[in-house]
Amino acid sequence: MKKYDAIVIGAGHNGLTNAAYLAKAGLDVAVLERNSYIGGATVSRELYKDWTYTNCSYVCSLLRPEIARDLELPRHGLQVVPYGGGVTFKRDGDYYGNYYDHNRQYREMSRHSKRDANAYERYTADVMKQTRLIRPFLLKRPPDPTSLKLRDLRDLADFAGSFMEMGERGLADTLKFWTKSVGDYLCEYFETDVIKAHLGGSGIIGTALGVFSPGTAYVLLHHYMGDVDGNVGSWGVARGGMGAVSGALAKSFQAFGGEIICDADVDRIVVRGGKATGVALKNGDEYHADVVVSNLDPKRTFLDVMDVQDLPAEVVSKAENFKIRGSSGKLNIALDGLPTFHGLDKSSPLMLGDMHFSDSLERIERAYDDWKDGTWSKDPYVDMLIPTQTDPSMAPPGKHMMTVFVQYAPPKINGGEWTDADKDGFEKSVIDQIAAHSPDFKDLILHCETRTPREIEAEVGLTEGNIFQGELTFDQLLFNRPFPGYAQYRGPVQGMYMCGSGTHPGGGVMAAPGANAAREILHDLRKPSTVPGGYADD
Amino acid sequence: MTTGSDDTMMLTTPFHSRIAAACELNSWGDWMGYTTPNAYTDVELEYFAVRNAAGVFDLTPMNKYRITGTDAEAYLNRLVTRDVSKIGIGRVGYTVWCDEAGQVMDDGTIFHLAENDYRICAYARATDWLHWSALGFDVTIEDETAEVAALAVQGPTSCAALTAMGLVGLDQLKPFGLTEFDFEGEPLVVSRTGFTGDLGYELWIAPHKAEALWDRLFESGEPYLIKPFGTHALEMARIEAGFLQAGVDFMPAEEVVRNGRSRSPFELGLGWLVDMDKSVFNGRRALQQELARGSRYRFAILDVDGNKPANHSFILKGNKQVGTVTSAAWCPTAKSNVAFAQIEMPYGAVGEELVAEIYYQRELHWTRVLAPCKVIDAPVFSHPRRRATPPGNF
């Protein structure tokens, strides 16, 4: 079997980014993908004729612009189009609209509470301060605070400098942000239930925590620190679905001479003499390489494709205790037309954005109670979009595609595996909730793909279907991601690395972990870095 | 003009009732004395309508001149730098025209509508110059700016949207082609032209049919996600596509007061529009001298490091100032930071690395950055659908 300079396991967006930067440095690189198609959770598939679903991830903001530009992703077919607006429908028939335009937003908020509308300006400034602190560290490896290496000390000094610049009040806010619950945080600014619920949703997306669980304020920040063309906090859709991201990354990688091998299910990373030497596939094929990079989550990496005997016991134990809990599911729906929603004109810009039906934090917390009880939420929190109002390429003219991210869905139902009947029940709870606000919705459904954590894990390989490859709580961030001592992308075995969202700076379609890992690998190989530095955030 | 009146300071175009209804931001600008929307709802979303679906732009204020008569071709050939005899009937040509000193007066398009029948679309008002140049030619020159209403429909779904409006066979129209349809009993001229660098068309119709055209277009275009866009979104698209704007990237020669502030076609990167094989045209002798002597400036498209647009920047080579930026933008589709610059010769050749001295302000604090930049050989946005016939859906 052929020997490569580097093998990357998993053709998700981070695996492809990592591979592209290694190939750009002149390395002979192969990416092995278990499925017959690439993308991991950054994937578009046609499961119903003439409809393209953006099956897993569905909106784009975190993708680092430096990487998109450097790897020439637009030339390779990626276009990210911002969407305006967003709306939370209330049970009383009213709604709260989140307008793209600042003054219109103020007016709409004032309709609910003038004080909230005014407080929103203070809130925005406070959140922006925190994004300014964290954004410069996205395209850097996290410094190890216990290391005395010059690189770590220098990076730590940078980090400390940024912290000090925040001032005492800013620092206090930072600690609050990284530890508080999103519910408590929002209550410091707002009095209106529906406004708190609308803003609070992003504090729990992808997370097996409730809006009143400590640590969820950071998750909100995580969803706020991206940008579309410099507009921090904005989100967009990838034209053609999120598969366009992985598709463009793959083309960029191939343009550097890289090779993608699909239907290559890795059985194990081969370790000889304490050094990774390649991988063995389930079909018996072997590929050799000096560098083996895992884009899999930490549990899959250390407990599945690595042999426990090759690992320090400490790593095995940390992997076993790594927090990666399934909390969400997804419905992708082909629609015969644009649904009508109570109280909203079909041409309203609010329809273009993310839609929700949870009009109070209380309801979102109750949805979490169901998760704790080992079942799907009967009154779920959904993050729903109809991207075909922005993207003409995903459904025939006049027809639509709806993506519904659903929380909560536990990895197991009352301790047992999901059954098809459970899946139907989960699906029904979501469709009924949407239909309660849209009289023609059910009649417009042509096809529905329902994905519980069971399907997400089986198809994408994310343990428990956790979309972030591990909870984004402070104990698993920065130099703790995935575990202390292993946060700089290097594995416990020589020549073995990690590049997935389970490493810093974490989940979302950011491509930063893949790029950061490539920088470290090239450093170890004593090659000049091909990874761009971050843009100054000023 | 149907709705405008000379009694008001600002005129309106025949589409104004529809534009005013759609212009949620109520943000208006002045284009040659006409009230025109800067933006309707949001500049970025409008820009993306052009690059991702279909955008509609009212270009009625564009100066339009009808040239007819047996000497029309000979007259135009004398006027502009291109060989007009090569622009067949049913074709459109982009060109510039110069003064006797070989300095660009304006750029624009020549529509060859029928035998001895042309239309020139120009940025600057040109009646005087057109008449001045007509001495000895049997031509009639008519300013039809107010008699022709015009809409640009630009973007990947533009062909599909227009076909859905009943313009069957439009997909066979080649770039810079011109054709005519019937629209409710009136001729509707459609050209495959535009100022966005994307697939796109321009529609030309009598003003009394303007509102009906707008309504039909938006009704048919709805499934194709059609949206109106204003001048600010157009500005982003044209920079990304590498198009010069008269009055911004060069001064129309006739308006220049200070010596040396005008530019020749060669100095604007538009040498490809100059046909020196033509024995006579305005400015030919001066341009011949320039070719022998060398140009003073070079037009350069710069790929600028970082994400700060290099508006109004000086361009440096080492410590020496060698040029200035005329237009700059972050390009959201190409995801790059682009600037157009006028660079003193011999600097600015493709591939040369220069530095842009950029000033930007955040919360009243000014910062100066020296951003490395590189002269690139082509605009950053170029999509095959712009040239493909049929262009395909989306």
# chains A, B, ... in the order shown; residues from 1 in each chain; ligands from 1
$ closest_atom_pairs --of "chain B" --to "chain A" --cutoff "10 Å" --atoms "only C-alpha atoms" --output "Markdown table"
| residue | atom | partner | partner_atom | distance |
| --- | --- | --- | --- | --- |
| B:Leu25 | CA | A:Asp101 | CA | 9.2 |
| B:Thr41 | CA | A:Asp101 | CA | 8.2 |
| B:Asp42 | CA | A:Asp101 | CA | 7.4 |
| B:Glu44 | CA | A:Pro82 | CA | 7.8 |
| B:Leu45 | CA | A:Pro82 | CA | 6.9 |
| B:Tyr47 | CA | A:Val81 | CA | 9.7 |
| B:Phe48 | CA | A:Val81 | CA | 6.4 |
| B:Ala49 | CA | A:Thr390 | CA | 8.3 |
| B:Arg51 | CA | A:Gln79 | CA | 9.0 |
| B:Asn52 | CA | A:Asp391 | CA | 6.9 |
| B:Ala53 | CA | A:Pro392 | CA | 6.4 |
| B:Ala54 | CA | A:Pro392 | CA | 9.6 |
| B:Pro156 | CA | A:Pro392 | CA | 9.1 |
| B:Thr157 | CA | A:Pro392 | CA | 7.8 |
| B:Ala160 | CA | A:Pro397 | CA | 9.5 |
| B:Ala161 | CA | A:Pro397 | CA | 9.7 |
| B:Gly221 | CA | A:Pro397 | CA | 9.6 |
| B:Glu222 | CA | A:Gly398 | CA | 7.8 |
| B:Pro223 | CA | A:Gly398 | CA | 4.5 |
| B:Tyr224 | CA | A:Pro397 | CA | 6.1 |
| B:Leu225 | CA | A:Gln389 | CA | 6.8 |
| B:Ile226 | CA | A:Thr390 | CA | 9.9 |
| B:Asp305 | CA | A:Tyr535 | CA | 9.1 |
| B:Gly306 | CA | A:Tyr535 | CA | 5.8 |
| B:Asn307 | CA | A:Tyr535 | CA | 6.8 |
| B:Lys308 | CA | A:Asp538 | CA | 9.2 |
| B:Trp330 | CA | A:Asp229 | CA | 7.7 |
| B:Cys331 | CA | A:Asp229 | CA | 8.3 |
| B:Pro332 | CA | A:Asp229 | CA | 6.0 |
| B:Thr333 | CA | A:Gln79 | CA | 6.0 |
| B:Ala334 | CA | A:Pro74 | CA | 5.5 |
| B:Lys335 | CA | A:Arg69 | CA | 5.7 |
| B:Ser336 | CA | A:Arg69 | CA | 6.4 |
| B:Asn337 | CA | A:Arg69 | CA | 9.5 |
| B:Tyr360 | CA | A:Asp538 | CA | 9.3 |
| B:Gln361 | CA | A:Asp538 | CA | 9.0 |
| B:Arg362 | CA | A:Asp538 | CA | 7.1 |
| B:Glu363 | CA | A:Asp538 | CA | 10.0 |
| B:Thr367 | CA | A:Asp538 | CA | 9.1 |
| B:Val380 | CA | A:Arg75 | CA | 9.1 |
| B:Phe381 | CA | A:Arg75 | CA | 8.6 |
| B:Ser382 | CA | A:Arg75 | CA | 9.0 |
| B:His383 | CA | A:Arg75 | CA | 9.0 |
| B:Asn393 | CA | A:Ser393 | CA | 8.6 |
| B:Phe394 | CA | A:Ser393 | CA | 6.4 |
$ write_last_selection --atoms "N, CA and C atoms" --output "CSV table (one decimal), in the first residue's frame"
chain,number,residue,atom,x,y,z
B,25,LEU,N,-35.9,51.9,3.3
B,25,LEU,CA,-35.0,52.7,4.1
B,25,LEU,C,-35.1,54.2,3.8
B,41,THR,N,-33.6,48.1,1.3
B,41,THR,CA,-33.8,47.4,2.6
B,41,THR,C,-32.5,47.3,3.3
B,42,ASP,N,-31.5,46.7,2.6
B,42,ASP,CA,-30.2,46.5,3.2
B,42,ASP,C,-29.2,46.3,2.1
B,44,GLU,N,-26.2,44.9,1.8
B,44,GLU,CA,-25.6,43.6,1.6
B,44,GLU,C,-26.6,42.6,1.0
B,45,LEU,N,-27.9,42.6,1.5
B,45,LEU,CA,-28.8,41.7,1.0
B,45,LEU,C,-29.2,42.0,-0.5
B,47,TYR,N,-27.0,43.4,-2.6
B,47,TYR,CA,-25.8,43.0,-3.3
B,47,TYR,C,-26.0,41.5,-3.6
B,48,PHE,N,-26.4,40.7,-2.5
B,48,PHE,CA,-26.5,39.3,-2.7
B,48,PHE,C,-27.6,38.9,-3.6
B,49,ALA,N,-28.6,39.7,-3.8
B,49,ALA,CA,-29.7,39.4,-4.7
B,49,ALA,C,-29.0,39.3,-6.1
B,51,ARG,N,-25.8,38.6,-6.8
B,51,ARG,CA,-24.9,37.5,-7.0
B,51,ARG,C,-25.5,36.1,-6.8
B,52,ASN,N,-26.7,36.1,-6.2
B,52,ASN,CA,-27.2,34.8,-5.8
B,52,ASN,C,-28.5,34.5,-6.4
B,53,ALA,N,-29.3,35.6,-6.8
B,53,ALA,CA,-30.6,35.3,-7.4
B,53,ALA,C,-30.8,36.3,-8.6
B,54,ALA,N,-31.6,37.3,-8.4
B,54,ALA,CA,-31.8,38.4,-9.4
B,54,ALA,C,-32.1,39.7,-8.8
B,156,PRO,N,-27.8,35.4,-11.3
B,156,PRO,CA,-27.9,34.0,-11.8
B,156,PRO,C,-29.4,33.6,-12.2
B,157,THR,N,-30.4,34.1,-11.6
B,157,THR,CA,-31.7,33.7,-12.0
B,157,THR,C,-32.4,34.7,-12.9
B,160,ALA,N,-34.0,33.2,-16.1
B,160,ALA,CA,-35.2,32.4,-15.7
B,160,ALA,C,-36.3,33.3,-15.4
B,161,ALA,N,-36.1,34.3,-14.6
B,161,ALA,CA,-37.1,35.3,-14.2
B,161,ALA,C,-37.8,36.0,-15.4
B,221,GLY,N,-41.0,37.2,-11.3
B,221,GLY,CA,-39.7,36.9,-10.7
B,221,GLY,C,-39.7,36.4,-9.3
B,222,GLU,N,-40.9,36.5,-8.7
B,222,GLU,CA,-41.0,36.1,-7.3
B,222,GLU,C,-40.4,34.7,-6.9
B,223,PRO,N,-40.8,33.7,-7.7
B,223,PRO,CA,-40.2,32.4,-7.4
B,223,PRO,C,-38.7,32.3,-7.7
B,224,TYR,N,-38.2,33.3,-8.4
B,224,TYR,CA,-36.7,33.4,-8.6
B,224,TYR,C,-36.0,34.3,-7.7
B,225,LEU,N,-36.7,34.7,-6.6
B,225,LEU,CA,-36.2,35.5,-5.5
B,225,LEU,C,-35.6,36.9,-6.0
B,226,ILE,N,-36.4,37.5,-6.9
B,226,ILE,CA,-36.0,38.8,-7.5
B,226,ILE,C,-36.2,39.9,-6.4
B,305,ASP,N,-4.0,42.9,1.4
B,305,ASP,CA,-4.0,42.0,2.6
B,305,ASP,C,-5.0,42.5,3.7
B,306,GLY,N,-5.5,41.6,4.5
B,306,GLY,CA,-6.4,42.1,5.6
B,306,GLY,C,-7.8,42.4,5.1
B,307,ASN,N,-8.6,42.9,6.0
B,307,ASN,CA,-10.0,43.1,5.7
B,307,ASN,C,-10.4,44.6,5.7
B,308,LYS,N,-9.4,45.5,5.8
B,308,LYS,CA,-9.8,46.9,5.8
B,308,LYS,C,-9.8,47.4,4.3
B,330,TRP,N,-14.4,45.6,0.2
B,330,TRP,CA,-14.3,44.2,0.6
B,330,TRP,C,-15.4,43.5,-0.3
B,331,CYS,N,-15.0,42.5,-1.0
B,331,CYS,CA,-15.9,41.8,-2.0
B,331,CYS,C,-16.5,40.6,-1.4
B,332,PRO,N,-17.8,40.6,-1.1
B,332,PRO,CA,-18.4,39.5,-0.3
B,332,PRO,C,-18.5,38.2,-1.0
B,333,THR,N,-18.5,38.2,-2.4
B,333,THR,CA,-18.6,36.9,-3.1
B,333,THR,C,-17.2,36.3,-3.3
B,334,ALA,N,-16.3,37.2,-3.7
B,334,ALA,CA,-14.9,36.8,-4.0
B,334,ALA,C,-14.2,36.6,-2.6
B,335,LYS,N,-14.7,37.2,-1.6
B,335,LYS,CA,-14.1,37.2,-0.2
B,335,LYS,C,-12.7,37.7,-0.3
B,336,SER,N,-12.5,38.8,-1.0
B,336,SER,CA,-11.2,39.5,-1.0
B,336,SER,C,-11.3,41.0,-0.9
B,337,ASN,N,-10.2,41.6,-0.6
B,337,ASN,CA,-10.2,43.0,-0.4
B,337,ASN,C,-9.5,43.7,-1.6
B,360,TYR,N,-8.2,54.0,8.9
B,360,TYR,CA,-9.6,53.7,9.3
B,360,TYR,C,-9.9,54.1,10.7
B,361,GLN,N,-11.2,54.4,10.9
B,361,GLN,CA,-11.6,54.9,12.2
B,361,GLN,C,-12.5,53.9,12.9
B,362,ARG,N,-12.3,53.7,14.2
B,362,ARG,CA,-13.2,52.9,15.0
B,362,ARG,C,-13.5,53.7,16.3
B,363,GLU,N,-14.7,54.0,16.6
B,363,GLU,CA,-15.1,54.7,17.8
B,363,GLU,C,-14.2,55.9,18.0
B,367,THR,N,-6.7,54.7,13.0
B,367,THR,CA,-5.6,53.8,12.9
B,367,THR,C,-5.0,53.8,11.5
B,380,VAL,N,-11.7,40.1,-9.4
B,380,VAL,CA,-11.8,39.0,-8.5
B,380,VAL,C,-13.1,38.2,-8.7
B,381,PHE,N,-14.1,38.8,-9.3
B,381,PHE,CA,-15.3,38.1,-9.6
B,381,PHE,C,-15.4,37.8,-11.1
B,382,SER,N,-15.5,36.6,-11.5
B,382,SER,CA,-15.7,36.2,-12.8
B,382,SER,C,-16.4,34.9,-12.8
B,383,HIS,N,-17.6,34.8,-13.3
B,383,HIS,CA,-18.4,33.5,-13.3
B,383,HIS,C,-18.7,33.1,-14.7
B,393,ASN,N,-30.0,27.6,-15.6
B,393,ASN,CA,-30.8,28.1,-14.5
B,393,ASN,C,-29.9,28.2,-13.3
B,394,PHE,N,-30.0,29.3,-12.7
B,394,PHE,CA,-29.2,29.6,-11.4
B,394,PHE,C,-27.7,29.6,-11.7
$ select_by_dssp --residues "segment 66-156 of chain A" --states "alpha helix (DSSP H)" --output "PyMOL selection string"
chain A and resi 66-70+102-112+114-134+150-156
$ write_last_selection --atoms "N, CA and C atoms" --output "CSV table (one decimal), in the first residue's frame"
chain,number,residue,atom,x,y,z
A,66,GLU,N,-10.4,34.3,7.0
A,66,GLU,CA,-9.0,34.2,6.6
A,66,GLU,C,-8.8,32.9,5.8
A,67,ILE,N,-9.5,31.8,6.3
A,67,ILE,CA,-9.3,30.5,5.7
A,67,ILE,C,-10.0,30.5,4.3
A,68,ALA,N,-11.3,31.1,4.3
A,68,ALA,CA,-12.0,31.1,3.1
A,68,ALA,C,-11.3,31.8,2.0
A,69,ARG,N,-10.6,32.9,2.4
A,69,ARG,CA,-9.9,33.7,1.4
A,69,ARG,C,-8.6,33.0,1.0
A,70,ASP,N,-7.9,32.5,2.0
A,70,ASP,CA,-6.6,31.9,1.7
A,70,ASP,C,-6.7,30.6,0.8
A,102,HIS,N,-31.0,48.0,12.4
A,102,HIS,CA,-30.9,48.3,13.8
A,102,HIS,C,-32.1,49.1,14.3
A,103,ASN,N,-32.5,50.2,13.6
A,103,ASN,CA,-33.6,51.0,14.0
A,103,ASN,C,-34.9,50.4,14.0
A,104,ARG,N,-35.1,49.5,13.0
A,104,ARG,CA,-36.3,48.8,12.8
A,104,ARG,C,-36.4,47.8,14.0
A,105,GLN,N,-35.3,47.2,14.3
A,105,GLN,CA,-35.2,46.3,15.5
A,105,GLN,C,-35.6,47.0,16.7
A,106,TYR,N,-35.1,48.2,16.9
A,106,TYR,CA,-35.5,49.0,18.1
A,106,TYR,C,-37.0,49.2,18.2
A,107,ARG,N,-37.6,49.5,17.0
A,107,ARG,CA,-39.0,49.8,17.0
A,107,ARG,C,-39.8,48.5,17.4
A,108,GLU,N,-39.3,47.4,16.8
A,108,GLU,CA,-40.1,46.2,17.1
A,108,GLU,C,-39.9,45.8,18.5
A,109,MET,N,-38.7,45.9,19.1
A,109,MET,CA,-38.5,45.6,20.5
A,109,MET,C,-39.3,46.5,21.4
A,110,SER,N,-39.4,47.8,21.0
A,110,SER,CA,-40.2,48.8,21.7
A,110,SER,C,-41.7,48.4,21.8
A,111,ARG,N,-42.1,47.7,20.8
A,111,ARG,CA,-43.5,47.3,20.7
A,111,ARG,C,-43.8,46.4,21.9
A,112,HIS,N,-42.7,45.6,22.3
A,112,HIS,CA,-42.9,44.7,23.5
A,112,HIS,C,-42.4,45.4,24.8
A,114,LYS,N,-40.1,49.2,25.7
A,114,LYS,CA,-39.2,50.2,25.3
A,114,LYS,C,-37.9,50.1,26.0
A,115,ARG,N,-38.0,49.7,27.3
A,115,ARG,CA,-36.8,49.6,28.1
A,115,ARG,C,-35.9,48.5,27.6
A,116,ASP,N,-36.5,47.4,27.1
A,116,ASP,CA,-35.7,46.3,26.5
A,116,ASP,C,-35.0,46.8,25.3
A,117,ALA,N,-35.8,47.5,24.5
A,117,ALA,CA,-35.2,48.0,23.2
A,117,ALA,C,-34.0,48.9,23.5
A,118,ASN,N,-34.0,49.7,24.5
A,118,ASN,CA,-32.9,50.5,24.9
A,118,ASN,C,-31.8,49.7,25.5
A,119,ALA,N,-32.2,48.7,26.3
A,119,ALA,CA,-31.2,47.9,27.0
A,119,ALA,C,-30.4,47.0,25.9
A,120,TYR,N,-31.1,46.8,24.8
A,120,TYR,CA,-30.4,45.9,23.8
A,120,TYR,C,-29.1,46.6,23.3
A,121,GLU,N,-29.1,47.9,23.3
A,121,GLU,CA,-27.9,48.6,22.9
A,121,GLU,C,-26.7,48.3,23.8
A,122,ARG,N,-27.0,48.3,25.1
A,122,ARG,CA,-26.0,48.0,26.1
A,122,ARG,C,-25.6,46.6,26.0
A,123,TYR,N,-26.6,45.7,25.9
A,123,TYR,CA,-26.4,44.3,25.7
A,123,TYR,C,-25.4,44.0,24.5
A,124,THR,N,-25.7,44.6,23.4
A,124,THR,CA,-24.9,44.4,22.2
A,124,THR,C,-23.5,44.8,22.4
A,125,ALA,N,-23.3,46.0,23.0
A,125,ALA,CA,-21.9,46.5,23.3
A,125,ALA,C,-21.2,45.5,24.2
A,126,ASP,N,-21.9,45.0,25.3
A,126,ASP,CA,-21.3,44.1,26.2
A,126,ASP,C,-20.9,42.8,25.5
A,127,VAL,N,-21.8,42.3,24.7
A,127,VAL,CA,-21.4,41.0,24.0
A,127,VAL,C,-20.3,41.2,23.0
A,128,MET,N,-20.3,42.4,22.3
A,128,MET,CA,-19.2,42.7,21.4
A,128,MET,C,-17.9,42.7,22.1
A,129,LYS,N,-17.9,43.3,23.3
A,129,LYS,CA,-16.6,43.3,24.1
A,129,LYS,C,-16.1,41.9,24.2
A,130,GLN,N,-16.9,41.0,24.5
A,130,GLN,CA,-16.5,39.6,24.7
A,130,GLN,C,-16.1,39.0,23.4
A,131,THR,N,-16.8,39.3,22.3
A,131,THR,CA,-16.3,38.7,21.1
A,131,THR,C,-15.0,39.2,20.7
A,132,ARG,N,-14.7,40.5,21.0
A,132,ARG,CA,-13.4,41.1,20.7
A,132,ARG,C,-12.3,40.4,21.4
A,133,LEU,N,-12.6,40.0,22.6
A,133,LEU,CA,-11.6,39.3,23.4
A,133,LEU,C,-11.3,37.9,22.8
A,134,ILE,N,-12.3,37.2,22.4
A,134,ILE,CA,-12.1,35.8,22.0
A,134,ILE,C,-11.7,35.6,20.5
A,150,LEU,N,9.0,28.7,25.4
A,150,LEU,CA,8.9,30.1,25.0
A,150,LEU,C,7.6,30.5,24.3
A,151,ARG,N,7.2,29.5,23.4
A,151,ARG,CA,6.0,29.8,22.6
A,151,ARG,C,4.8,29.9,23.5
A,152,ASP,N,4.7,29.0,24.5
A,152,ASP,CA,3.6,29.1,25.4
A,152,ASP,C,3.6,30.4,26.2
A,153,LEU,N,4.8,30.7,26.7
A,153,LEU,CA,4.9,31.9,27.5
A,153,LEU,C,4.5,33.1,26.7
A,154,ARG,N,4.9,33.2,25.5
A,154,ARG,CA,4.6,34.3,24.6
A,154,ARG,C,3.1,34.4,24.4
A,155,ASP,N,2.5,33.2,24.0
A,155,ASP,CA,1.1,33.2,23.8
A,155,ASP,C,0.3,33.6,25.0
A,156,LEU,N,0.8,33.1,26.2
A,156,LEU,CA,0.1,33.4,27.4
A,156,LEU,C,0.1,34.9,27.7
$ residues_around --residues "segment 306-313 of chain A" --least-positions-apart "6" --cutoff "10 Å" --atoms "only C-alpha atoms" --output "VMD selection string"
chain A and resid 267 to 276 279 299 to 300 319 491 to 493
$ select_by_dssp --residues "segment 72-283 of chain A" --states "strand (DSSP E)" --output "PyMOL selection string"
chain A and resi 80-82+86-89+95-97+227-228+231-232+236-238+259-261+266-272+275-281
$ residues_around --residues "Tyr359 of chain B" --least-positions-apart "5" --cutoff "8 Å" --atoms "only C-alpha atoms" --output "mmCIF file with N, CA, C and O atoms, in the first residue's frame"
data_model
loop_
_atom_site.group_PDB
_atom_site.id
_atom_site.type_symbol
_atom_site.label_atom_id
_atom_site.label_comp_id
_atom_site.auth_asym_id
_atom_site.auth_seq_id
_atom_site.Cartn_x
_atom_site.Cartn_y
_atom_site.Cartn_z
ATOM 1 N N ALA B 310 -9.248 49.663 1.262
ATOM 2 C CA ALA B 310 -8.186 50.666 1.103
ATOM 3 C C ALA B 310 -8.712 51.945 0.464
ATOM 4 O O ALA B 310 -8.084 52.511 -0.432
ATOM 5 N N SER B 313 -6.564 55.405 -0.233
ATOM 6 C CA SER B 313 -5.207 55.133 0.261
ATOM 7 C C SER B 313 -4.146 55.629 -0.708
ATOM 8 O O SER B 313 -4.364 55.686 -1.914
ATOM 9 N N TRP B 366 -8.494 56.872 15.124
ATOM 10 C CA TRP B 366 -7.946 56.564 13.802
ATOM 11 C C TRP B 366 -6.745 55.654 13.904
ATOM 12 O O TRP B 366 -5.918 55.807 14.793
ATOM 13 N N THR B 367 -6.682 54.725 12.992
ATOM 14 C CA THR B 367 -5.552 53.813 12.948
ATOM 15 C C THR B 367 -5.002 53.809 11.521
ATOM 16 O O THR B 367 -5.752 53.938 10.558
ATOM 17 N N ARG B 368 -3.691 53.691 11.433
ATOM 18 C CA ARG B 368 -3.053 53.608 10.124
ATOM 19 C C ARG B 368 -2.460 52.217 9.988
ATOM 20 O O ARG B 368 -1.783 51.749 10.901
ATOM 21 N N VAL B 369 -2.748 51.552 8.891
ATOM 22 C CA VAL B 369 -2.088 50.268 8.639
ATOM 23 C C VAL B 369 -1.385 50.330 7.295
ATOM 24 O O VAL B 369 -1.834 50.999 6.366
#
$ closest_residue --among "B:Ile19, B:Val338, B:Ala210, B:Ile376" --to "Pro37 of chain B" --atoms "only C-alpha atoms"
B:Ile19
$ residues_around --residues "Met345 of chain B" --least-positions-apart "6" --cutoff "7 Å" --atoms "only C-alpha atoms" --output "PyMOL selection string"
chain B and resi 296-298
$ closest_residue --among "A:Ala217, A:Leu522, A:Leu47, A:Ala421" --to "Ala23 of chain A" --atoms "only C-alpha atoms"
A:Leu522
$ residues_around --residues "segment 133-146 of chain B" --least-positions-apart "5" --cutoff "8 Å" --atoms "only C-alpha atoms" --output "VMD selection string"
chain B and resid 1 60 to 72 74 to 75 79 127 207
$ residues_around --residues "segment 426-436 of chain A" --least-positions-apart "4" --cutoff "9 Å" --atoms "only C-alpha atoms" --output "list in words"
Arg91, Gly329, Lys330, Leu331, Phe341, His356, Phe357, Thr375, Trp376, Ser377, Lys378, Asp379, Pro380, Tyr381, Val382, Val404, Val406, Ala409, Ala421, Asp422, Asp440, Phe441, Lys442, Thr450, Arg451 and Thr452 of chain A
$ closest_residue --among "B:Ile358, B:Ala20, B:Ala39, B:Leu291" --to "Leu316 of chain B" --atoms "only C-alpha atoms"
B:Ile358
$ atom_distance --atom1 "atom CA of Tyr185 of chain A" --atom2 "atom CA of Asp173 of chain A"
9.9 Å
$ atom_distance --atom1 "atom CA of Val509 of chain A" --atom2 "atom CA of Val31 of chain A"
18.2 Å
